[in-house]
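First comes the structure, then the notes that go with it.
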Amino acid sequence: MAKGRKRIVVAGAGIGGAAVAALLQHQGNQVTLLERNSYIGGKCTSFEKDGFVSDYAFHIFSRGEKGPLGDVNRRIDGDLRWRTTHPAGRWYFSGGGWFTVPDNAFWAIPYGASAYVRGVIRPGIFNTLRKSLKNYGVMGMVDTAFKLAQTDETFLQGIDNISLQEFLYQFTDDGPTHRFMAIFSYLATVVHYSEASAGELLYCLITQMRAGSLSYPIGGAREIAGSYTRAFVRDGGTIRRGCKVKRILVKDGKARGVETEEGEEIPADAVVSNAGIKSTMDLVGHEQLPAEYVSYVNGLKYSLAANIVRYGMDCRLPEIPRHFFQYVEKDDEGLVGCFLKDRSIPKDKSFAVIKPADWDPYLAPLGKEILLMGVAGPSTVNPENIEYNDRLMDCAERQMFDFFPRIKDHIQWTQRAGIQQTSALTGRPSGECVGLAQCVGQTGAKKPTVKTPIKDLWLVGSDAGARGIGTEQAAASALYVSYLLGDRS
Ligand SMILES: Cc1cc2nc3c(=O)[nH]c(=O)nc-3n(C[C@H](O)[C@H](O)[C@H](O)COP(=O)(O)OP(=O)(O)OC[C@H]3O[C@@H](n4cnc5c(N)ncnc54)[C@H](O)[C@@H]3O)c2cc1C
């Protein structure tokens with residue numbers, strides 16, 4: 001092997017694993033990518049059924065080509081292509097009316113003004129001005145706005161340790177503003193806004209608005225890891241599907257390779273794990289790690305789950321807004337996430353729908369389309385939560401059929417993916433949506449680093465080393481690992 005080239009094993013071909021494998025191979029290393037499933041992409045994958053190509057989950061990509069997913073693709077000369085969304089979609093506020101969601105800061109003004117005039121959402125402008133001026137003064141407000149617009153990392157780290165709710169209360173007590181941000185918090189991080197880190201959430205919101213490039217990949221969600229692994233194989237990398245890593249081999253405090261479930265040992269100069277921080281610790285063996293690291297990792301929390309109902313439709317349904325639709329319930333009882341606290345089922349339930357064939361018509365047979373409905377729920381896999389998530393899906397489905405009655409008559413097939421399916425897909429004990437929760441104490445400087453206490457063992461994916469929405473933090477984490485481990489350009 002040429003001098004300077006490393007033998008690297010990557011365990012897991014989710015977005016993070018596929019991206020880091022392709023980046024490191026492109027830099028001239030000799031990389032072996034092992035994936036326990038027979039397919040790649042982890043949570044961000046697709047499957048075919050009766051001529052439909054359906055996302056396993058429910059993905060929209062915050063910055064597409066202009067974010068880290070596009071950056072990885074450019075660096076490896078990949079073939080990933082995107083369709084962008086204008087506008088982002090529509091929300092319906094029960095008892096209020098329609099709100100068109102802007103995909104960038106420019107359109108926020110006319111769409112926001114239209115919703116205000118029609119009384120759909122009326123943020124209390126005077127309440128906000130009065131409280132902001134009282135707490136910050138004019139110069140303080142200008143300074144805060146400027147730092148937020150720049151996504152100034154020092155500023156974000158300063159507000160990482162307070163919740164989005166707490167941050168908002170410094171500026172406004174206004175109900176509609178809080179409600180709006182609570183919904184965004186769920187959509188971006190699947191964490192309730194009373195727990196979500198203000199720094200993380202505002203980073204997600206502002207980078208998305210600045211990029212103005214909300215997107216979906218042509219060919220479906222699977223094409224992201226698909227394009228990365230095509231470039232990886234083109235550059236000489238080895239990929240093995242259906243190959244589960246049973247153990248990460250450690251000697252004298254250094255990672256030496258992996259052992260597969262079949263008992264094969266694959267030696268390596270470095271191991272990168274995409275299995276998630278908790279599962280990686282299990283693969284290493286807790287006894288190999290400092291006790292304080294084990295207790296720190298055990299204390300980390302996962303995001304909530306997003307339960308999915310998929311529908312193959314025998315016709316197109318133009319009454320459902322293009323790309324993305326969110327129904328927002330009327331009562332605070334059902335305000336996103338609150339109902340999770342007492343395990344009740346709200347009368348009026350929020351739900352979200354995406355229509356991937358609006359981005360790429362070839363994802364459904366001619367004249368047909370796919371609907372994906374998502375609804376939040378608890379993520380720990382146990383019989384009680386499985387049953388509760390099922391009831392939440394029933395309730396959201398009823399609400400959706402009431403709102404769009406024609407759906408019921410045109411379903412060709414339907415499938416559900418709850419926490420047990422997501423957990424089986426990733427091999428993690430939990431069926432969470434994103435990975436680690438982007439809550440106070442787990443983001444920015446407090447996010448787990450990509451380095452582990454074991455020399456030459458690295459973490460990649462949404463659990464370590466980056467900010468942003470789901471897949472984008474996994475890709476950003478891969479860029480970071482490839483920089484630290486490979487050529488620093
Ligand atoms: C319902 C739902 C909706 C979502 N919506 C969005 C969205 O709209 N936008 C967005 O950006 N993100 C969204 N996400 C989140 C996003 O999918 C994840 O954050 C992201 O894909 C995680 O990537 P990852 O690289 O961390 O790993 P994962 O997807 O967790 O993949 C890890 C891979 O490692 C493999 N693996 C694990 N253990 C082993 C082992 N021992 N040996 C070999 N292989 C192993 C697994 O099989 C898997 O393929 C959503 C997720 C879900 C479930």
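Chain labels run A, B, ... following the order of the structure tokens; each chain numbers its residues from 1, and ligands are numbered from 1 in the order shown.
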Inset, instruction - List the neighbours of Tyr483 of chain A out to 12 Å using only C-alpha atoms; skip same-chain residues closer than 3 positions along the sequence, and give me the result as number ranges by chain. - result: A: 20, 23-24, 27, 72, 75, 450, 476-480, 486-489
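All residues of segment 17-93 of chain A that DSSP, run on the backbone, classes as helix (DSSP H, G or I) are Gly17, Ala18, Ala19, Val20, Ala21, Ala22, Leu23, Leu24, Gln25, His26, Gly64, Glu65, Lys66, Pro68, Leu69, Gly70, Asp71, Val72, Asn73, Arg74 and Arg75 of chain A.
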I need the residues from that last selection saved to file as an mmCIF file, in the first residue's frame (with N, CA and C atoms), if you can.
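Output file result_27.cif is given in full below:
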```cif
data_model
loop_
_atom_site.group_PDB
_atom_site.id
_atom_site.type_symbol
_atom_site.label_atom_id
_atom_site.label_comp_id
_atom_site.auth_asym_id
_atom_site.auth_seq_id
_atom_site.Cartn_x
_atom_site.Cartn_y
_atom_site.Cartn_z
ATOM 1 N N GLY A 17 -22.025 7.201 7.428
ATOM 2 C CA GLY A 17 -21.043 6.166 7.069
ATOM 3 C C GLY A 17 -20.728 6.171 5.580
ATOM 4 N N ALA A 18 -21.772 6.264 4.743
ATOM 5 C CA ALA A 18 -21.554 6.258 3.286
ATOM 6 C C ALA A 18 -20.742 7.495 2.884
ATOM 7 N N ALA A 19 -21.066 8.648 3.495
ATOM 8 C CA ALA A 19 -20.366 9.887 3.137
ATOM 9 C C ALA A 19 -18.899 9.825 3.549
ATOM 10 N N VAL A 20 -18.630 9.373 4.777
ATOM 11 C CA VAL A 20 -17.229 9.379 5.233
ATOM 12 C C VAL A 20 -16.414 8.352 4.453
ATOM 13 N N ALA A 21 -17.025 7.201 4.122
ATOM 14 C CA ALA A 21 -16.308 6.184 3.352
ATOM 15 C C ALA A 21 -15.913 6.766 1.989
ATOM 16 N N ALA A 22 -16.857 7.443 1.334
ATOM 17 C CA ALA A 22 -16.575 8.003 0.004
ATOM 18 C C ALA A 22 -15.516 9.105 0.083
ATOM 19 N N LEU A 23 -15.605 9.941 1.107
ATOM 20 C CA LEU A 23 -14.635 11.043 1.238
ATOM 21 C C LEU A 23 -13.231 10.499 1.500
ATOM 22 N N LEU A 24 -13.119 9.515 2.408
ATOM 23 C CA LEU A 24 -11.798 8.988 2.758
ATOM 24 C C LEU A 24 -11.195 8.188 1.600
ATOM 25 N N GLN A 25 -12.054 7.449 0.883
ATOM 26 C CA GLN A 25 -11.561 6.697 -0.274
ATOM 27 C C GLN A 25 -11.103 7.680 -1.355
ATOM 28 N N HIS A 26 -11.849 8.742 -1.548
ATOM 29 C CA HIS A 26 -11.506 9.742 -2.570
ATOM 30 C C HIS A 26 -10.167 10.406 -2.258
ATOM 31 N N GLY A 64 -30.372 20.901 0.719
ATOM 32 C CA GLY A 64 -30.055 20.177 -0.519
ATOM 33 C C GLY A 64 -28.634 20.423 -0.997
ATOM 34 N N GLU A 65 -28.549 20.820 -2.243
ATOM 35 C CA GLU A 65 -27.270 21.063 -2.908
ATOM 36 C C GLU A 65 -26.387 22.067 -2.148
ATOM 37 N N LYS A 66 -27.031 23.030 -1.491
ATOM 38 C CA LYS A 66 -26.255 24.102 -0.850
ATOM 39 C C LYS A 66 -25.784 23.761 0.569
ATOM 40 N N PRO A 68 -24.438 20.526 3.570
ATOM 41 C CA PRO A 68 -23.366 19.522 3.639
ATOM 42 C C PRO A 68 -23.601 18.286 2.771
ATOM 43 N N LEU A 69 -24.879 17.935 2.512
ATOM 44 C CA LEU A 69 -25.134 16.770 1.655
ATOM 45 C C LEU A 69 -24.603 17.050 0.245
ATOM 46 N N GLY A 70 -24.820 18.274 -0.228
ATOM 47 C CA GLY A 70 -24.304 18.679 -1.542
ATOM 48 C C GLY A 70 -22.793 18.827 -1.518
ATOM 49 N N ASP A 71 -22.275 19.298 -0.398
ATOM 50 C CA ASP A 71 -20.832 19.494 -0.271
ATOM 51 C C ASP A 71 -20.094 18.157 -0.405
ATOM 52 N N VAL A 72 -20.618 17.124 0.278
ATOM 53 C CA VAL A 72 -19.997 15.786 0.168
ATOM 54 C C VAL A 72 -20.002 15.363 -1.299
ATOM 55 N N ASN A 73 -21.164 15.519 -1.945
ATOM 56 C CA ASN A 73 -21.292 15.084 -3.332
ATOM 57 C C ASN A 73 -20.283 15.775 -4.251
ATOM 58 N N ARG A 74 -20.093 17.069 -4.044
ATOM 59 C CA ARG A 74 -19.123 17.812 -4.874
ATOM 60 C C ARG A 74 -17.708 17.302 -4.630
ATOM 61 N N ARG A 75 -17.357 17.086 -3.371
ATOM 62 C CA ARG A 75 -15.987 16.676 -3.048
ATOM 63 C C ARG A 75 -15.628 15.311 -3.624
#
```
Inset, instruction - Check which residues fall inside 6 Å of ligand 1 when counting only C-alpha atoms and all ligand atoms, and print them as JSON, numbers by chain. - result: {"A": [11, 12, 13, 14, 15, 16, 17, 34, 35, 36, 37, 40, 41, 42, 43, 44, 57, 58, 59, 60, 61, 244, 245, 246, 274, 275, 306, 307, 308, 425, 426, 427, 433, 434, 435, 461, 462, 469, 470, 471, 472, 474]}
Legend entry - Nearest to Thr151 of chain A, chosen from A:Leu202, A:Ala182, A:Ala113, A:Ala417, with only C-alpha atoms counted in the distances: A:Leu202
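Neighbouring residues of Ser62 of chain A at 10 Å or closer, counting only C-alpha atoms and skipping chain neighbours under 4 positions away, are Lys66, Gly67, Leu69, Thr84, Ala88, Asp103, Ala188, Cys204, Leu205, Thr207, Gln208, Met209, Ala211, Gly212, Ser213, Leu214, Ser215, Tyr216, Gly468, Ile469, Gly470, Thr471 and Glu472 of chain A.
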Pick out the residues sitting within 8 Å of segment 401-407 of chain A, and hand them over as an mmCIF file with C-alpha atoms, in the first residue's frame; count only C-alpha atoms, and ignore anything fewer than 6 positions along from it in its own chain.
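Done, and the output landed in part.cif:
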```
data_model
loop_
_atom_site.group_PDB
_atom_site.id
_atom_site.type_symbol
_atom_site.label_atom_id
_atom_site.label_comp_id
_atom_site.auth_asym_id
_atom_site.auth_seq_id
_atom_site.Cartn_x
_atom_site.Cartn_y
_atom_site.Cartn_z
ATOM 1 C CA MET A 313 -52.430 6.217 -4.221
ATOM 2 C CA LEU A 317 -54.826 14.352 -5.288
ATOM 3 C CA GLU A 319 -56.353 19.162 -3.110
ATOM 4 C CA ILE A 320 -53.368 18.162 -0.950
#
```
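Near Gly28 of chain A, within 12 Å and counting only C-alpha atoms, sit Met1, Ala2, Lys3, Gly4, Arg5, Lys6, Arg7, Ile8, Ala21, Ala22, Leu23, Ile76, Phe232, Asp235, Gly236, Gly237, Ser482, Leu485, Gly486 and Asp487 of chain A; same-chain residues fewer than 5 positions away were not included.
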Inset, instruction - Among the residues of segment 417-486 of chain A, find those DSSP assigns to strand (DSSP E or B) from the backbone and print them as an NGL selection string. - result: :A and (417 or 430 or 436 or 439 or 451 or 455 or 457-459)
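Put simply, atom CA of Thr32 of chain A is 19.2 Å away from atom CA of Asp77 of chain A.
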Inset, instruction - List the neighbours of Ile159 of chain A out to 9 Å using only C-alpha atoms; skip same-chain residues closer than 6 positions along the sequence, and give me the result as a list in words. - result: Phe167, Ser197, Ala198, Gly199 and Glu200 of chain A
Inset, instruction - Compare A:Asp269, A:Asp394, A:Asp174, A:Glu195 by their minimum atom-to-atom distance to Arg122 of chain A, counting only C-alpha atoms, and give me the closest one. - result: A:Asp174
Legend entry - Nearest candidate to Ile224 of chain A (options A:Pro110, A:Pro453, A:Pro448, A:Gly78; using only C-alpha atoms): A:Gly78
Inset, instruction - Please identify all polymer residues within 6 Å of Glu329 of chain A, counting only C-alpha atoms, omitting same-chain residues fewer than 2 positions from it, and present them as a PyMOL selection string. - result: chain A and resi 94+331+348-350
Inset, instruction - Kindly indicate which residue among A:Ser344, A:Thr128, A:Gln30, A:Gln442 lies nearest to Ile239 of chain A, using only C-alpha atoms for the distances. - result: A:Gln30
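With only C-alpha atoms as the atoms that count, the residue of A:Pro365, A:Gly219, A:Pro346, A:Gly441 with the shortest distance to Met393 of chain A is A:Pro346.
Minimum atom-to-atom distances from A:Arg467, A:Lys408, A:His178, A:Arg416 to Ile386 of chain A were compared using only C-alpha atoms, and the lowest value belongs to A:Arg416.
You will find atom CA of Gly175 of chain A at 24.7 Å from atom CA of Ser303 of chain A.
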